[in-house]
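Heads up, the thing below is written out as structure tokens.
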Amino acid sequence: MNKRELSLLVADRTGLSKGEALKAVQATIDCITEALQTGQRITLMGFGAFFSYELPPRVTYNLYTKEREQLESRKVIKFRPTFPGK
């Protein structure tokens, strides 16, 4: 499902127009993105949690050049689903 399909479902279930539903979906995505960029954790009860996680620096092996490479630490976004009733 893409953003357009999601907004059409939101429009059907809420009675909003297609344009208003698309704006609501986009605003939700924007808010989640901004919060994650500032390091906040987003928890949606019954759905799951989004949070940023910092991967430590590590050494990798490049299969093409046969050399070891040092990767710096980096931040990634993780999602942990919650299942209703558990």
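Labeling convention for the structure tokens: chains A, B, ... as they appear, residues from 1 per chain, ligands from 1 in order of appearance.
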Selection: 10 Å around A:Thr60, only C-alpha atoms, excl. self and same-chain fewer than 4 positions, as a count of residues only | 5
Based on DSSP run over this structure's backbone, return all residues of chain A in strand (DSSP E), as a PyMOL selection string.
-> chain A and resi 42-44+48-55+58-62+67-71+74-81
Members of chain A assigned helix (DSSP H, G or I) by DSSP, as a PyMOL selection string = chain A and resi 3-14+18-37
Output the selection as a compact mmCIF listing (two decimals), in the first residue's frame - N, CA and C atoms for each residue.
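In the end it all went to result-v6.txt:
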```txt
# COMPACT_ATOMS: atom_id res chain seq x y z
N LYS A 3 1.12 5.73 -0.13
CA LYS A 3 0.50 6.86 0.58
C LYS A 3 -0.86 7.24 -0.03
N ARG A 4 -0.96 7.19 -1.34
CA ARG A 4 -2.23 7.54 -2.00
C ARG A 4 -3.33 6.55 -1.62
N GLU A 5 -3.00 5.26 -1.65
CA GLU A 5 -3.99 4.25 -1.29
C GLU A 5 -4.41 4.38 0.18
N LEU A 6 -3.45 4.68 1.04
CA LEU A 6 -3.77 4.88 2.45
C LEU A 6 -4.69 6.08 2.63
N SER A 7 -4.42 7.16 1.93
CA SER A 7 -5.27 8.34 2.06
C SER A 7 -6.68 8.09 1.54
N LEU A 8 -6.82 7.26 0.51
CA LEU A 8 -8.15 6.90 0.02
C LEU A 8 -8.93 6.09 1.06
N LEU A 9 -8.25 5.19 1.77
CA LEU A 9 -8.90 4.43 2.84
C LEU A 9 -9.32 5.34 3.98
N VAL A 10 -8.45 6.29 4.33
CA VAL A 10 -8.77 7.24 5.40
C VAL A 10 -9.98 8.07 4.99
N ALA A 11 -10.03 8.49 3.74
CA ALA A 11 -11.17 9.27 3.25
C ALA A 11 -12.47 8.47 3.33
N ASP A 12 -12.41 7.21 2.95
CA ASP A 12 -13.61 6.36 2.99
C ASP A 12 -14.10 6.16 4.43
N ARG A 13 -13.18 5.95 5.35
CA ARG A 13 -13.58 5.63 6.73
C ARG A 13 -13.95 6.85 7.57
N THR A 14 -13.45 8.02 7.19
CA THR A 14 -13.72 9.20 8.01
C THR A 14 -14.72 10.16 7.39
N LYS A 18 -10.95 13.41 -0.44
CA LYS A 18 -9.68 12.76 -0.78
C LYS A 18 -8.50 13.69 -0.52
N GLY A 19 -8.67 14.97 -0.84
CA GLY A 19 -7.60 15.94 -0.63
C GLY A 19 -7.31 16.18 0.84
N GLU A 20 -8.38 16.26 1.64
CA GLU A 20 -8.20 16.46 3.09
C GLU A 20 -7.53 15.24 3.72
N ALA A 21 -7.92 14.04 3.28
CA ALA A 21 -7.34 12.82 3.82
C ALA A 21 -5.85 12.74 3.45
N LEU A 22 -5.52 13.13 2.22
CA LEU A 22 -4.11 13.12 1.81
C LEU A 22 -3.31 14.10 2.65
N LYS A 23 -3.87 15.27 2.92
CA LYS A 23 -3.18 16.25 3.78
C LYS A 23 -2.99 15.71 5.19
N ALA A 24 -3.99 15.00 5.72
CA ALA A 24 -3.90 14.44 7.06
C ALA A 24 -2.83 13.36 7.13
N VAL A 25 -2.78 12.49 6.13
CA VAL A 25 -1.77 11.43 6.10
C VAL A 25 -0.38 12.05 5.98
N GLN A 26 -0.23 13.05 5.09
CA GLN A 26 1.08 13.69 4.91
C GLN A 26 1.50 14.42 6.18
N ALA A 27 0.58 15.07 6.86
CA ALA A 27 0.90 15.76 8.11
C ALA A 27 1.36 14.78 9.18
N THR A 28 0.71 13.61 9.23
CA THR A 28 1.12 12.58 10.19
C THR A 28 2.54 12.11 9.90
N ILE A 29 2.83 11.84 8.64
CA ILE A 29 4.17 11.40 8.25
C ILE A 29 5.20 12.48 8.58
N ASP A 30 4.88 13.74 8.29
CA ASP A 30 5.80 14.83 8.58
C ASP A 30 6.09 14.95 10.07
N CYS A 31 5.05 14.82 10.89
CA CYS A 31 5.23 14.91 12.35
C CYS A 31 6.10 13.78 12.87
N ILE A 32 5.88 12.57 12.38
CA ILE A 32 6.70 11.43 12.80
C ILE A 32 8.14 11.64 12.38
N THR A 33 8.36 12.10 11.15
CA THR A 33 9.71 12.34 10.65
C THR A 33 10.44 13.38 11.48
N GLU A 34 9.78 14.50 11.78
CA GLU A 34 10.41 15.56 12.57
C GLU A 34 10.75 15.09 13.97
N ALA A 35 9.86 14.33 14.58
CA ALA A 35 10.11 13.83 15.93
C ALA A 35 11.30 12.87 15.95
N LEU A 36 11.39 12.00 14.96
CA LEU A 36 12.51 11.05 14.89
C LEU A 36 13.83 11.76 14.65
N GLN A 37 13.81 12.84 13.88
CA GLN A 37 15.03 13.60 13.63
C GLN A 37 15.56 14.26 14.88
```
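Going from atom CA of A:Thr82 over to atom CA of A:Leu44, you cover 8.8 Å.
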Env of stretch 48-51 of chain A: 9 Å cut, atoms = only C-alpha atoms, seq-sep filter 2 positions within chain, self excluded. Answer as an mmCIF file with N, CA, C and O atoms, in the first residue's frame.
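Okay, this is what ended up in result.cif:
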```
data_model
loop_
_atom_site.group_PDB
_atom_site.id
_atom_site.type_symbol
_atom_site.label_atom_id
_atom_site.label_comp_id
_atom_site.auth_asym_id
_atom_site.auth_seq_id
_atom_site.Cartn_x
_atom_site.Cartn_y
_atom_site.Cartn_z
ATOM 1 N N ILE A 32 5.882 12.572 12.381
ATOM 2 C CA ILE A 32 6.697 11.433 12.802
ATOM 3 C C ILE A 32 8.141 11.640 12.380
ATOM 4 O O ILE A 32 9.068 11.412 13.163
ATOM 5 N N LEU A 36 11.391 11.998 14.957
ATOM 6 C CA LEU A 36 12.507 11.051 14.893
ATOM 7 C C LEU A 36 13.830 11.764 14.649
ATOM 8 O O LEU A 36 14.870 11.359 15.164
ATOM 9 N N GLY A 39 15.281 12.859 17.803
ATOM 10 C CA GLY A 39 15.625 11.801 18.744
ATOM 11 C C GLY A 39 14.482 11.327 19.622
ATOM 12 O O GLY A 39 14.697 10.549 20.549
ATOM 13 N N GLN A 40 13.267 11.769 19.346
ATOM 14 C CA GLN A 40 12.123 11.340 20.144
ATOM 15 C C GLN A 40 11.656 9.959 19.715
ATOM 16 O O GLN A 40 11.890 9.527 18.598
ATOM 17 N N ARG A 41 10.970 9.285 20.624
ATOM 18 C CA ARG A 41 10.378 7.986 20.346
ATOM 19 C C ARG A 41 8.887 8.202 20.092
ATOM 20 O O ARG A 41 8.227 8.930 20.821
ATOM 21 N N ILE A 42 8.348 7.562 19.053
ATOM 22 C CA ILE A 42 6.933 7.669 18.707
ATOM 23 C C ILE A 42 6.272 6.337 19.043
ATOM 24 O O ILE A 42 6.647 5.303 18.493
ATOM 25 N N THR A 43 5.295 6.351 19.944
ATOM 26 C CA THR A 43 4.573 5.139 20.310
ATOM 27 C C THR A 43 3.102 5.313 19.979
ATOM 28 O O THR A 43 2.462 6.237 20.463
ATOM 29 N N LEU A 44 2.586 4.435 19.138
ATOM 30 C CA LEU A 44 1.181 4.421 18.775
ATOM 31 C C LEU A 44 0.591 3.149 19.375
ATOM 32 O O LEU A 44 0.855 2.041 18.887
ATOM 33 N N MET A 45 -0.184 3.303 20.441
ATOM 34 C CA MET A 45 -0.726 2.157 21.160
ATOM 35 C C MET A 45 -1.530 1.260 20.217
ATOM 36 O O MET A 45 -2.330 1.746 19.432
ATOM 37 N N GLY A 46 -1.283 -0.024 20.280
ATOM 38 C CA GLY A 46 -1.972 -0.981 19.432
ATOM 39 C C GLY A 46 -1.382 -1.098 18.039
ATOM 40 O O GLY A 46 -1.846 -1.894 17.227
ATOM 41 N N TYR A 53 18.061 4.618 16.487
ATOM 42 C CA TYR A 53 19.043 3.751 17.122
ATOM 43 C C TYR A 53 20.387 4.032 16.480
ATOM 44 O O TYR A 53 20.480 4.160 15.250
ATOM 45 N N VAL A 76 19.955 4.855 12.599
ATOM 46 C CA VAL A 76 18.939 4.204 11.777
ATOM 47 C C VAL A 76 17.608 4.286 12.516
ATOM 48 O O VAL A 76 17.566 4.497 13.728
ATOM 49 N N ILE A 77 16.534 4.121 11.776
ATOM 50 C CA ILE A 77 15.201 4.138 12.357
ATOM 51 C C ILE A 77 14.733 2.695 12.494
ATOM 52 O O ILE A 77 14.862 1.897 11.562
ATOM 53 N N LYS A 78 14.200 2.365 13.653
ATOM 54 C CA LYS A 78 13.661 1.033 13.877
ATOM 55 C C LYS A 78 12.181 1.145 14.185
ATOM 56 O O LYS A 78 11.724 2.148 14.710
ATOM 57 N N PHE A 79 11.466 0.082 13.868
ATOM 58 C CA PHE A 79 10.040 -0.013 14.194
ATOM 59 C C PHE A 79 9.814 -1.323 14.924
ATOM 60 O O PHE A 79 10.254 -2.379 14.462
ATOM 61 N N ARG A 80 9.166 -1.243 16.053
ATOM 62 C CA ARG A 80 8.833 -2.429 16.823
ATOM 63 C C ARG A 80 7.308 -2.504 16.920
ATOM 64 O O ARG A 80 6.687 -1.675 17.589
ATOM 65 N N PRO A 81 6.696 -3.491 16.239
ATOM 66 C CA PRO A 81 5.225 -3.576 16.285
ATOM 67 C C PRO A 81 4.725 -4.070 17.636
ATOM 68 O O PRO A 81 5.411 -4.805 18.339
ATOM 69 N N THR A 82 3.526 -3.625 17.980
ATOM 70 C CA THR A 82 2.832 -4.171 19.150
ATOM 71 C C THR A 82 1.584 -4.849 18.628
ATOM 72 O O THR A 82 0.959 -4.383 17.676
ATOM 73 N N PHE A 83 1.244 -5.939 19.233
ATOM 74 C CA PHE A 83 0.099 -6.697 18.792
ATOM 75 C C PHE A 83 -1.022 -6.558 19.796
ATOM 76 O O PHE A 83 -0.836 -6.803 20.981
#
```
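A straight-line distance of 27.7 Å separates atom CA of A:Asn2 from atom CA of A:Glu54.
Atom CA of A:Glu72 sits 4.6 Å away from atom CA of A:Pro57.
Minimum atom-to-atom distance to A:Thr38, evaluated using only C-alpha atoms, belongs to A:Lys75 out of A:Met1, A:Pro84, A:Lys75, A:Ser17.
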